[in-house]
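Printed here is start30.cif (mmCIF, C-alpha atoms and all ligand atoms):
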data_entry
loop_
_atom_site.label_atom_id
_atom_site.label_comp_id
_atom_site.auth_asym_id
_atom_site.auth_seq_id
_atom_site.Cartn_x
_atom_site.Cartn_y
_atom_site.Cartn_z
CA MET A 183 -0.39 -19.78 5.18
CA LYS A 184 0.32 -16.04 5.13
CA LYS A 185 1.23 -15.02 1.61
CA VAL A 186 2.14 -11.45 0.60
CA ILE A 187 2.97 -9.78 -2.68
CA TYR A 188 5.89 -7.39 -3.25
CA PRO A 189 5.40 -5.47 -6.53
CA GLY A 190 7.83 -3.20 -8.32
CA THR A 191 9.51 -2.42 -11.61
CA PHE A 192 12.87 -3.90 -10.49
CA ASP A 193 14.80 -2.29 -13.35
CA PRO A 194 17.11 -3.63 -11.99
CA VAL A 195 16.76 -5.27 -8.55
CA THR A 196 19.09 -3.70 -5.96
CA TYR A 197 20.30 -4.65 -2.47
CA GLY A 198 17.59 -2.27 -1.19
CA HIS A 199 14.85 -4.44 -2.71
CA ILE A 200 16.53 -7.60 -1.39
CA ASP A 201 16.63 -6.08 2.09
CA ILE A 202 12.84 -5.64 1.92
CA VAL A 203 12.35 -9.22 0.69
CA ARG A 204 14.47 -10.52 3.61
CA ARG A 205 12.30 -8.63 6.11
CA ALA A 206 9.12 -9.90 4.46
CA VAL A 207 10.39 -13.50 4.47
CA ASP A 208 11.00 -13.20 8.23
CA LEU A 209 7.38 -12.19 8.79
CA PHE A 210 5.37 -14.24 6.28
CA ASP A 211 5.23 -17.79 4.97
CA GLU A 212 5.51 -16.90 1.30
CA VAL A 213 6.49 -13.75 -0.59
CA VAL A 214 5.52 -13.30 -4.24
CA VAL A 215 7.90 -10.80 -5.85
CA THR A 216 6.02 -9.55 -8.87
CA VAL A 217 7.45 -7.50 -11.73
CA ALA A 218 5.04 -4.86 -12.98
CA VAL A 219 4.51 -3.70 -16.52
CA ASN A 220 4.49 0.03 -15.81
CA PRO A 221 3.38 1.97 -18.93
CA SER A 222 4.84 5.20 -17.51
CA LYS A 223 8.36 3.72 -17.38
CA GLN A 224 10.61 2.64 -20.25
CA PRO A 225 12.71 -0.10 -18.71
CA LEU A 226 16.35 -0.71 -19.57
CA PHE A 227 15.96 -4.45 -18.96
CA SER A 228 13.27 -6.61 -20.60
CA MET A 229 10.71 -8.37 -18.42
CA GLU A 230 12.56 -11.68 -18.96
CA GLU A 231 15.89 -10.14 -17.94
CA ARG A 232 14.40 -8.60 -14.80
CA ILE A 233 12.79 -11.90 -13.81
CA GLU A 234 16.03 -13.82 -14.42
CA MET A 235 18.05 -11.36 -12.30
CA LEU A 236 15.48 -11.58 -9.49
CA LYS A 237 15.57 -15.40 -9.59
CA GLU A 238 19.35 -15.44 -9.31
CA SER A 239 19.44 -12.72 -6.63
CA LEU A 240 16.75 -14.29 -4.44
CA LYS A 241 17.69 -17.97 -4.72
CA GLU A 242 18.88 -18.07 -1.08
CA PHE A 243 15.21 -17.82 -0.03
CA ASP A 244 14.24 -21.06 -1.86
CA SER A 245 10.54 -21.82 -1.95
CA LYS A 246 9.63 -18.96 0.42
CA VAL A 247 9.96 -16.53 -2.50
CA LEU A 248 8.17 -16.86 -5.84
CA ILE A 249 8.82 -14.54 -8.76
CA ASP A 250 6.25 -13.63 -11.37
CA SER A 251 4.99 -10.68 -13.41
CA PHE A 252 1.71 -8.93 -14.06
CA ASP A 253 0.14 -6.42 -16.40
CA GLY A 254 -3.02 -4.85 -15.03
CA LEU A 255 -4.39 -4.04 -11.61
CA LEU A 256 -2.16 -4.95 -8.69
CA VAL A 257 -5.03 -5.84 -6.35
CA GLU A 258 -6.44 -8.26 -8.95
CA HIS A 259 -3.07 -9.96 -9.28
CA ALA A 260 -2.72 -10.09 -5.49
CA LYS A 261 -6.06 -11.91 -5.30
CA GLN A 262 -5.10 -14.29 -8.11
CA VAL A 263 -1.97 -15.40 -6.28
CA GLY A 264 -3.80 -15.60 -2.94
CA ALA A 265 -1.90 -12.79 -1.22
CA ARG A 266 -3.44 -11.12 1.82
CA ALA A 267 -1.25 -8.05 1.74
CA ILE A 268 0.92 -5.85 -0.46
CA ILE A 269 4.45 -5.09 0.74
CA ARG A 270 6.01 -1.75 -0.14
CA GLY A 271 9.34 -0.32 0.92
CA LEU A 272 9.48 3.16 2.50
CA ARG A 273 12.92 4.67 2.21
CA GLN A 274 12.32 8.30 3.09
CA ILE A 275 9.60 10.88 3.70
CA SER A 276 9.45 11.71 -0.01
CA ASP A 277 8.22 8.16 -0.75
CA PHE A 278 5.31 8.63 1.61
CA GLU A 279 2.90 10.80 -0.37
CA PHE A 280 2.85 8.54 -3.44
CA GLU A 281 2.76 5.37 -1.36
CA PHE A 282 -0.03 6.69 0.87
CA GLN A 283 -2.14 7.58 -2.16
CA MET A 284 -1.52 4.18 -3.75
CA ALA A 285 -2.29 2.29 -0.54
CA LEU A 286 -5.58 4.13 -0.06
CA MET A 287 -6.59 3.64 -3.70
CA ASN A 288 -5.78 -0.06 -3.52
CA ARG A 289 -7.86 -0.32 -0.34
CA LYS A 290 -10.74 1.42 -2.12
CA LEU A 291 -10.42 -1.06 -5.00
CA SER A 292 -10.18 -4.07 -2.71
CA GLY A 293 -10.93 -3.63 0.98
CA ASP A 294 -9.62 -7.07 1.96
CA ILE A 295 -6.04 -6.46 0.81
CA THR A 296 -3.86 -4.47 3.22
CA THR A 297 -0.70 -2.55 2.34
CA ILE A 298 2.22 -3.08 4.70
CA PHE A 299 5.25 -0.76 4.65
CA LEU A 300 8.69 -2.02 5.55
CA MET A 301 11.78 0.16 5.93
CA PRO A 302 15.03 -1.03 4.40
CA HIS A 303 18.34 -0.58 6.22
CA GLU A 304 19.47 3.08 6.37
CA ARG A 305 22.36 2.30 4.04
CA TYR A 306 19.81 1.84 1.22
CA THR A 307 17.63 4.91 1.80
CA TYR A 308 19.19 6.90 -1.05
CA LEU A 309 19.12 4.00 -3.51
CA ASN A 310 16.83 3.59 -6.48
CA SER A 311 17.08 1.83 -9.83
CA THR A 312 17.41 5.07 -11.83
CA VAL A 313 20.52 6.06 -9.85
CA ILE A 314 22.00 2.61 -10.48
CA ARG A 315 21.29 2.77 -14.22
CA ASN A 316 22.81 6.26 -14.42
CA LEU A 317 25.93 5.29 -12.50
CA ALA A 318 26.38 2.14 -14.60
CA SER A 319 26.00 4.08 -17.86
CA LEU A 320 28.93 6.23 -16.67
CA HIS A 321 30.90 3.07 -15.77
CA ALA A 322 30.90 3.84 -12.04
CA ASP A 323 31.33 0.86 -9.72
CA VAL A 324 27.86 -0.19 -8.50
CA SER A 325 28.94 -3.49 -6.94
CA ASN A 326 28.09 -2.23 -3.41
CA PHE A 327 24.48 -1.64 -4.41
CA VAL A 328 23.47 -4.55 -6.66
CA PRO A 329 24.05 -8.32 -6.64
CA PRO A 330 26.82 -9.72 -8.91
CA VAL A 331 24.36 -10.94 -11.57
CA VAL A 332 22.98 -7.39 -11.95
CA HIS A 333 26.46 -5.88 -11.94
CA GLU A 334 27.47 -8.18 -14.83
CA ALA A 335 24.25 -7.46 -16.76
CA LEU A 336 24.82 -3.70 -16.39
CA LYS A 337 28.39 -4.04 -17.66
CA LYS A 338 27.01 -5.79 -20.76
CA LYS A 339 24.41 -3.07 -21.33
CA PHE A 340 27.03 -0.34 -21.01
CA PRO A 341 30.29 -1.74 -22.44
CA ARG A 342 33.39 0.41 -22.23
CA LYS A 343 34.32 1.61 -25.69
N1 LIG A 401 15.51 -0.14 -2.42
C1 LIG A 401 15.96 0.49 -3.49
N2 LIG A 401 15.15 1.09 -4.38
C2 LIG A 401 13.83 1.00 -4.16
C3 LIG A 401 13.30 0.34 -3.05
C4 LIG A 401 14.20 -0.25 -2.16
N3 LIG A 401 13.81 -0.88 -1.05
N4 LIG A 401 11.96 0.45 -3.10
C5 LIG A 401 11.66 1.14 -4.20
N5 LIG A 401 12.80 1.49 -4.84
C6 LIG A 401 12.92 2.31 -6.04
C7 LIG A 401 12.76 1.51 -7.28
O1 LIG A 401 14.00 1.00 -7.72
C8 LIG A 401 12.19 2.52 -8.23
O2 LIG A 401 13.22 3.29 -8.75
P1 LIG A 401 13.08 3.99 -10.18
O3 LIG A 401 11.80 4.79 -10.16
O4 LIG A 401 14.30 4.81 -10.21
O5 LIG A 401 13.05 2.88 -11.20
C9 LIG A 401 11.37 3.45 -7.35
O6 LIG A 401 11.87 3.27 -6.07
C10 LIG A 401 9.90 3.15 -7.41
O7 LIG A 401 9.66 1.89 -6.85
P2 LIG A 401 8.95 0.61 -7.43
O8 LIG A 401 8.81 -0.26 -6.26
O9 LIG A 401 9.66 0.02 -8.60
O10 LIG A 401 7.58 1.12 -7.80
P3 LIG A 401 7.01 1.62 -9.13
O11 LIG A 401 6.58 3.00 -8.83
O12 LIG A 401 7.87 1.42 -10.30
O13 LIG A 401 5.80 0.60 -9.29
C11 LIG A 401 3.60 -0.34 -8.83
C12 LIG A 401 4.65 0.74 -8.55
C13 LIG A 401 4.05 -1.31 -9.89
C14 LIG A 401 3.41 -1.09 -7.56
C15 LIG A 401 2.33 0.40 -9.25
O14 LIG A 401 2.60 1.22 -10.36
C16 LIG A 401 1.19 -0.54 -9.59
O15 LIG A 401 0.59 -1.11 -8.72
N6 LIG A 401 0.88 -0.70 -10.88
C17 LIG A 401 -0.19 -1.57 -11.34
C18 LIG A 401 -1.43 -0.79 -11.75
C19 LIG A 401 -2.32 -0.55 -10.56
O16 LIG A 401 -2.80 -1.42 -9.89
N7 LIG A 401 -2.54 0.74 -10.33
C20 LIG A 401 -3.34 1.19 -9.23
C21 LIG A 401 -2.46 1.57 -8.10
S1 LIG A 401 -3.30 2.72 -7.06
#
Mind converting the file's structure to structure tokens?
Amino acid sequence: MKKVIYPGTFDPVTYGHIDIVRRAVDLFDEVVVTVAVNPSKQPLFSMEERIEMLKESLKEFDSKVLIDSFDGLLVEHAKQVGARAIIRGLRQISDFEFEFQMALMNRKLSGDITTIFLMPHERYTYLNSTVIRNLASLHADVSNFVPPVVHEALKKKFPRK
């Protein structure tokens, strides 16, 4: 059983993240999508809200995708859930430096867990959650970039006056 873990802040989940999950599901038996507590970020959505949106957005994958959260070291959580590898999405060259550093540090911390990079479809290369939050706060239409459940949640966070 080849299980992998896909960590991120998912504040909120976008079609870019879902594209990565779809690719991972094609390659592995089980994908654990794990929401990180990242002390350097102040999320718009609570942990519970992010998990709920992920559950709704990823329900087409059934039991091949599990959703959980963690607070601590990623490699420790990966071991706890029995994952053999960490999935990360690479959208553009600018992602590479940070991702390369993180992959090497994680390998130093735990030599038996490999980082695997997957590239989302080109249409998502410019997408990130900050852009989505900014657009939504200005009441721009983000329905091409996020699933309906996220679109509705963003409308509630940023109601039109
Ligand atoms: N499509 C769209 N957007 C994507 C994307 C994709 N395929 N992949 C990443 N992004 C965006 C995210 O939305 C996020 O946007 P934002 O910064 O505007 O919110 C940004 O790219 C960063 O990606 P994300 O995957 O959320 O990573 P992160 O930097 O928030 O989290 C962790 C990285 C959680 C994996 C890392 O901090 C971690 O492992 N923490 C645990 C502590 C630990 O073990 N530290 C040691 C590591 S060496």
Selection as a list of chain:residue names: residues within 7 Å of (14.3, -7.4, -12.3), counting all atoms listed in the file = A:Thr191, A:Phe192, A:Asp193, A:Pro194, A:Val195, A:Val217, A:Glu231, A:Arg232, A:Ile233, A:Glu234, A:Met235, A:Leu236
The centre and edge lengths of an axis-aligned box containing all atoms of range 287-292 of chain A present in the file, extended by 5 Å on each side, are to be given in Å to one decimal, as AutoDock Vina command-line options.
--center_x -8.3 --center_y -0.2 --center_z -2.7 --size_x 15.0 --size_y 17.7 --size_z 14.7
Per-residue nearest contacts chain A to ligand LIG 401 (chain A), cut-off 6 Å, using all atoms listed in the file, as JSON lines:
{"residue": "A:Pro189", "atom": "CA", "partner": "A:LIG401", "partner_atom": "C14", "distance": 4.9}
{"residue": "A:Gly190", "atom": "CA", "partner": "A:LIG401", "partner_atom": "O9", "distance": 3.7}
{"residue": "A:Thr191", "atom": "CA", "partner": "A:LIG401", "partner_atom": "O9", "distance": 3.9}
{"residue": "A:Phe192", "atom": "CA", "partner": "A:LIG401", "partner_atom": "O9", "distance": 5.4}
{"residue": "A:Asp193", "atom": "CA", "partner": "A:LIG401", "partner_atom": "O5", "distance": 5.9}
{"residue": "A:Thr196", "atom": "CA", "partner": "A:LIG401", "partner_atom": "C1", "distance": 5.8}
{"residue": "A:Gly198", "atom": "CA", "partner": "A:LIG401", "partner_atom": "N1", "distance": 3.2}
{"residue": "A:His199", "atom": "CA", "partner": "A:LIG401", "partner_atom": "N3", "distance": 4.1}
{"residue": "A:Ile202", "atom": "CA", "partner": "A:LIG401", "partner_atom": "N3", "distance": 5.7}
{"residue": "A:Ala218", "atom": "CA", "partner": "A:LIG401", "partner_atom": "C13", "distance": 4.8}
{"residue": "A:Asn220", "atom": "CA", "partner": "A:LIG401", "partner_atom": "O14", "distance": 5.9}
{"residue": "A:Gly254", "atom": "CA", "partner": "A:LIG401", "partner_atom": "C18", "distance": 5.5}
{"residue": "A:Leu255", "atom": "CA", "partner": "A:LIG401", "partner_atom": "O16", "distance": 3.5}
{"residue": "A:Leu256", "atom": "CA", "partner": "A:LIG401", "partner_atom": "O16", "distance": 3.8}
{"residue": "A:Gly271", "atom": "CA", "partner": "A:LIG401", "partner_atom": "N4", "distance": 4.9}
{"residue": "A:Met284", "atom": "CA", "partner": "A:LIG401", "partner_atom": "S1", "distance": 4.0}
{"residue": "A:Met287", "atom": "CA", "partner": "A:LIG401", "partner_atom": "S1", "distance": 4.8}
{"residue": "A:Asn288", "atom": "CA", "partner": "A:LIG401", "partner_atom": "S1", "distance": 5.1}
{"residue": "A:Pro302", "atom": "CA", "partner": "A:LIG401", "partner_atom": "N3", "distance": 5.6}
{"residue": "A:Tyr306", "atom": "CA", "partner": "A:LIG401", "partner_atom": "N1", "distance": 6.0}
{"residue": "A:Leu309", "atom": "CA", "partner": "A:LIG401", "partner_atom": "C1", "distance": 4.7}
{"residue": "A:Asn310", "atom": "CA", "partner": "A:LIG401", "partner_atom": "N2", "distance": 3.7}
{"residue": "A:Ser311", "atom": "CA", "partner": "A:LIG401", "partner_atom": "O1", "distance": 3.8}
{"residue": "A:Thr312", "atom": "CA", "partner": "A:LIG401", "partner_atom": "O4", "distance": 3.5}
Would you save the residues of that selection, restricted to C-alpha atoms, as a PDB file, keeping the file's coordinate frame?
ATOM      1  CA  PRO A 189       5.400  -5.470  -6.530  1.00  0.00           C
ATOM      2  CA  GLY A 190       7.830  -3.200  -8.320  1.00  0.00           C
ATOM      3  CA  THR A 191       9.510  -2.420 -11.610  1.00  0.00           C
ATOM      4  CA  PHE A 192      12.870  -3.900 -10.490  1.00  0.00           C
ATOM      5  CA  ASP A 193      14.800  -2.290 -13.350  1.00  0.00           C
ATOM      6  CA  THR A 196      19.090  -3.700  -5.960  1.00  0.00           C
ATOM      7  CA  GLY A 198      17.590  -2.270  -1.190  1.00  0.00           C
ATOM      8  CA  HIS A 199      14.850  -4.440  -2.710  1.00  0.00           C
ATOM      9  CA  ILE A 202      12.840  -5.640   1.920  1.00  0.00           C
ATOM     10  CA  ALA A 218       5.040  -4.860 -12.980  1.00  0.00           C
ATOM     11  CA  ASN A 220       4.490   0.030 -15.810  1.00  0.00           C
ATOM     12  CA  GLY A 254      -3.020  -4.850 -15.030  1.00  0.00           C
ATOM     13  CA  LEU A 255      -4.390  -4.040 -11.610  1.00  0.00           C
ATOM     14  CA  LEU A 256      -2.160  -4.950  -8.690  1.00  0.00           C
ATOM     15  CA  GLY A 271       9.340  -0.320   0.920  1.00  0.00           C
ATOM     16  CA  MET A 284      -1.520   4.180  -3.750  1.00  0.00           C
ATOM     17  CA  MET A 287      -6.590   3.640  -3.700  1.00  0.00           C
ATOM     18  CA  ASN A 288      -5.780  -0.060  -3.520  1.00  0.00           C
ATOM     19  CA  PRO A 302      15.030  -1.030   4.400  1.00  0.00           C
ATOM     20  CA  TYR A 306      19.810   1.840   1.220  1.00  0.00           C
ATOM     21  CA  LEU A 309      19.120   4.000  -3.510  1.00  0.00           C
ATOM     22  CA  ASN A 310      16.830   3.590  -6.480  1.00  0.00           C
ATOM     23  CA  SER A 311      17.080   1.830  -9.830  1.00  0.00           C
ATOM     24  CA  THR A 312      17.410   5.070 -11.830  1.00  0.00           C
TER      25      THR A 312
END
Given all atoms listed in the file as the counted atoms, nearest of A:Ala285, A:Val263, A:Val207, A:Val219 to Lys246 in chain A = A:Val207
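Proximity ranking of A:Leu272, A:Thr307, A:Met183, A:Val257 relative to Lys290 in chain A places A:Val257 first, based on only C-alpha atoms.
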Out of A:Asp323, A:Glu238, A:Lys343, A:Lys261, which residue has the shortest atom-to-atom distance to Gly293 in chain A when counting all atoms listed in the file?
-> A:Lys261
Spatial neighbours of Phe210 in chain A, 7 Å, all atoms listed in the file, chain gap at least 3 places, as a VMD selection string = chain A and resid 184 to 185 206 to 207 213
Let me see the file: selected residues, C-alpha atoms, as a CSV table (one decimal), keeping the file's coordinate frame.
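Dumped everything to again_12.csv:
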chain,number,residue,atom,x,y,z
A,184,LYS,CA,0.3,-16.0,5.1
A,185,LYS,CA,1.2,-15.0,1.6
A,206,ALA,CA,9.1,-9.9,4.5
A,207,VAL,CA,10.4,-13.5,4.5
A,213,VAL,CA,6.5,-13.8,-0.6
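In this comparison, which uses all atoms listed in the file, the residue of A:Ser292, A:Ser228, A:Ser325, A:Ser251 approaching Tyr197 in chain A most closely is A:Ser325.
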Here CA of Phe299 in chain A and CA of Glu281 in chain A stand apart by 8.9 Å
Would you mind reading off the distance between CA of Leu320 in chain A and CA of Gln224 in chain A, one decimal, in Å?
-> 19.0 Å
When you draw a straight line from CA of Ala265 in chain A to CA of Pro329 in chain A, how long is it in Å?
-> 26.9 Å
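Using all atoms listed in the file, the set of residues no farther than 9 Å from the position (22.9, 0.5, -22.3) comprises Leu226, Arg315, Ala318, Ser319, Leu336, Lys337, Lys338, Lys339, Phe340 and Pro341 of chain A.
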Hey, which of A:Glu212, A:Asp277, A:Glu258, A:Glu334 ends up closest to Ser245 in chain A? Count all atoms listed in the file.
-> A:Glu212
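Counting all atoms listed in the file and comparing A:Ile200, A:Ile295, A:Val313, A:Val214, the residue that lies closest to Arg266 in chain A is A:Ile295.
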Restrict the output to range 274-298 of chain A and N, CA and C atoms, then write it as an mmCIF file, in the first residue's frame.
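Saved as result.cif:
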data_model
loop_
_atom_site.group_PDB
_atom_site.id
_atom_site.type_symbol
_atom_site.label_atom_id
_atom_site.label_comp_id
_atom_site.auth_asym_id
_atom_site.auth_seq_id
_atom_site.Cartn_x
_atom_site.Cartn_y
_atom_site.Cartn_z
ATOM 1 N N GLN A 274 6.170 27.108 -10.421
ATOM 2 C CA GLN A 274 7.107 27.889 -11.243
ATOM 3 C C GLN A 274 8.484 27.872 -10.595
ATOM 4 N N ILE A 275 9.466 28.421 -11.326
ATOM 5 C CA ILE A 275 10.851 28.398 -10.858
ATOM 6 C C ILE A 275 10.966 29.015 -9.460
ATOM 7 N N SER A 276 10.188 30.072 -9.213
ATOM 8 C CA SER A 276 10.297 30.765 -7.929
ATOM 9 C C SER A 276 9.913 29.875 -6.746
ATOM 10 N N ASP A 277 9.132 28.832 -6.970
ATOM 11 C CA ASP A 277 8.815 27.884 -5.884
ATOM 12 C C ASP A 277 10.040 27.055 -5.514
ATOM 13 N N PHE A 278 10.964 26.910 -6.483
ATOM 14 C CA PHE A 278 11.963 25.862 -6.370
ATOM 15 C C PHE A 278 12.906 26.027 -5.173
ATOM 16 N N GLU A 279 13.396 27.248 -4.968
ATOM 17 C CA GLU A 279 14.416 27.445 -3.941
ATOM 18 C C GLU A 279 13.907 27.023 -2.556
ATOM 19 N N PHE A 280 12.726 27.518 -2.206
ATOM 20 C CA PHE A 280 12.127 27.187 -0.908
ATOM 21 C C PHE A 280 11.842 25.689 -0.808
ATOM 22 N N GLU A 281 11.283 25.141 -1.884
ATOM 23 C CA GLU A 281 10.920 23.718 -1.867
ATOM 24 C C GLU A 281 12.159 22.822 -1.781
ATOM 25 N N PHE A 282 13.213 23.219 -2.481
ATOM 26 C CA PHE A 282 14.457 22.450 -2.494
ATOM 27 C C PHE A 282 15.059 22.414 -1.077
ATOM 28 N N GLN A 283 15.059 23.578 -0.446
ATOM 29 C CA GLN A 283 15.585 23.698 0.913
ATOM 30 C C GLN A 283 14.768 22.817 1.878
ATOM 31 N N MET A 284 13.437 22.894 1.733
ATOM 32 C CA MET A 284 12.570 22.137 2.632
ATOM 33 C C MET A 284 12.742 20.631 2.409
ATOM 34 N N ALA A 285 12.844 20.240 1.142
ATOM 35 C CA ALA A 285 12.995 18.810 0.834
ATOM 36 C C ALA A 285 14.306 18.269 1.422
ATOM 37 N N LEU A 286 15.375 19.047 1.272
ATOM 38 C CA LEU A 286 16.668 18.581 1.783
ATOM 39 C C LEU A 286 16.668 18.535 3.313
ATOM 40 N N MET A 287 16.034 19.539 3.940
ATOM 41 C CA MET A 287 15.969 19.533 5.410
ATOM 42 C C MET A 287 15.135 18.352 5.905
ATOM 43 N N ASN A 288 14.017 18.104 5.241
ATOM 44 C CA ASN A 288 13.186 16.964 5.645
ATOM 45 C C ASN A 288 13.936 15.645 5.472
ATOM 46 N N ARG A 289 14.759 15.568 4.426
ATOM 47 C CA ARG A 289 15.545 14.339 4.207
ATOM 48 C C ARG A 289 16.610 14.180 5.292
ATOM 49 N N LYS A 290 17.167 15.323 5.728
ATOM 50 C CA LYS A 290 18.148 15.304 6.816
ATOM 51 C C LYS A 290 17.472 14.801 8.098
ATOM 52 N N LEU A 291 16.235 15.301 8.321
ATOM 53 C CA LEU A 291 15.504 14.939 9.544
ATOM 54 C C LEU A 291 15.058 13.486 9.515
ATOM 55 N N SER A 292 14.726 13.010 8.323
ATOM 56 C CA SER A 292 14.220 11.640 8.210
ATOM 57 C C SER A 292 14.560 11.082 6.820
ATOM 58 N N GLY A 293 15.658 10.342 6.773
ATOM 59 C CA GLY A 293 16.192 9.867 5.493
ATOM 60 C C GLY A 293 15.272 8.925 4.743
ATOM 61 N N ASP A 294 14.284 8.319 5.444
ATOM 62 C CA ASP A 294 13.453 7.324 4.756
ATOM 63 C C ASP A 294 12.171 7.923 4.166
ATOM 64 N N ILE A 295 12.020 9.248 4.273
ATOM 65 C CA ILE A 295 10.843 9.875 3.650
ATOM 66 C C ILE A 295 11.299 10.773 2.497
ATOM 67 N N THR A 296 10.797 10.464 1.305
ATOM 68 C CA THR A 296 11.216 11.160 0.085
ATOM 69 C C THR A 296 10.208 12.252 -0.278
ATOM 70 N N THR A 297 10.720 13.364 -0.802
ATOM 71 C CA THR A 297 9.801 14.396 -1.303
ATOM 72 C C THR A 297 9.635 14.223 -2.815
ATOM 73 N N ILE A 298 8.385 14.246 -3.249
ATOM 74 C CA ILE A 298 8.079 14.101 -4.676
ATOM 75 C C ILE A 298 7.373 15.372 -5.141
#
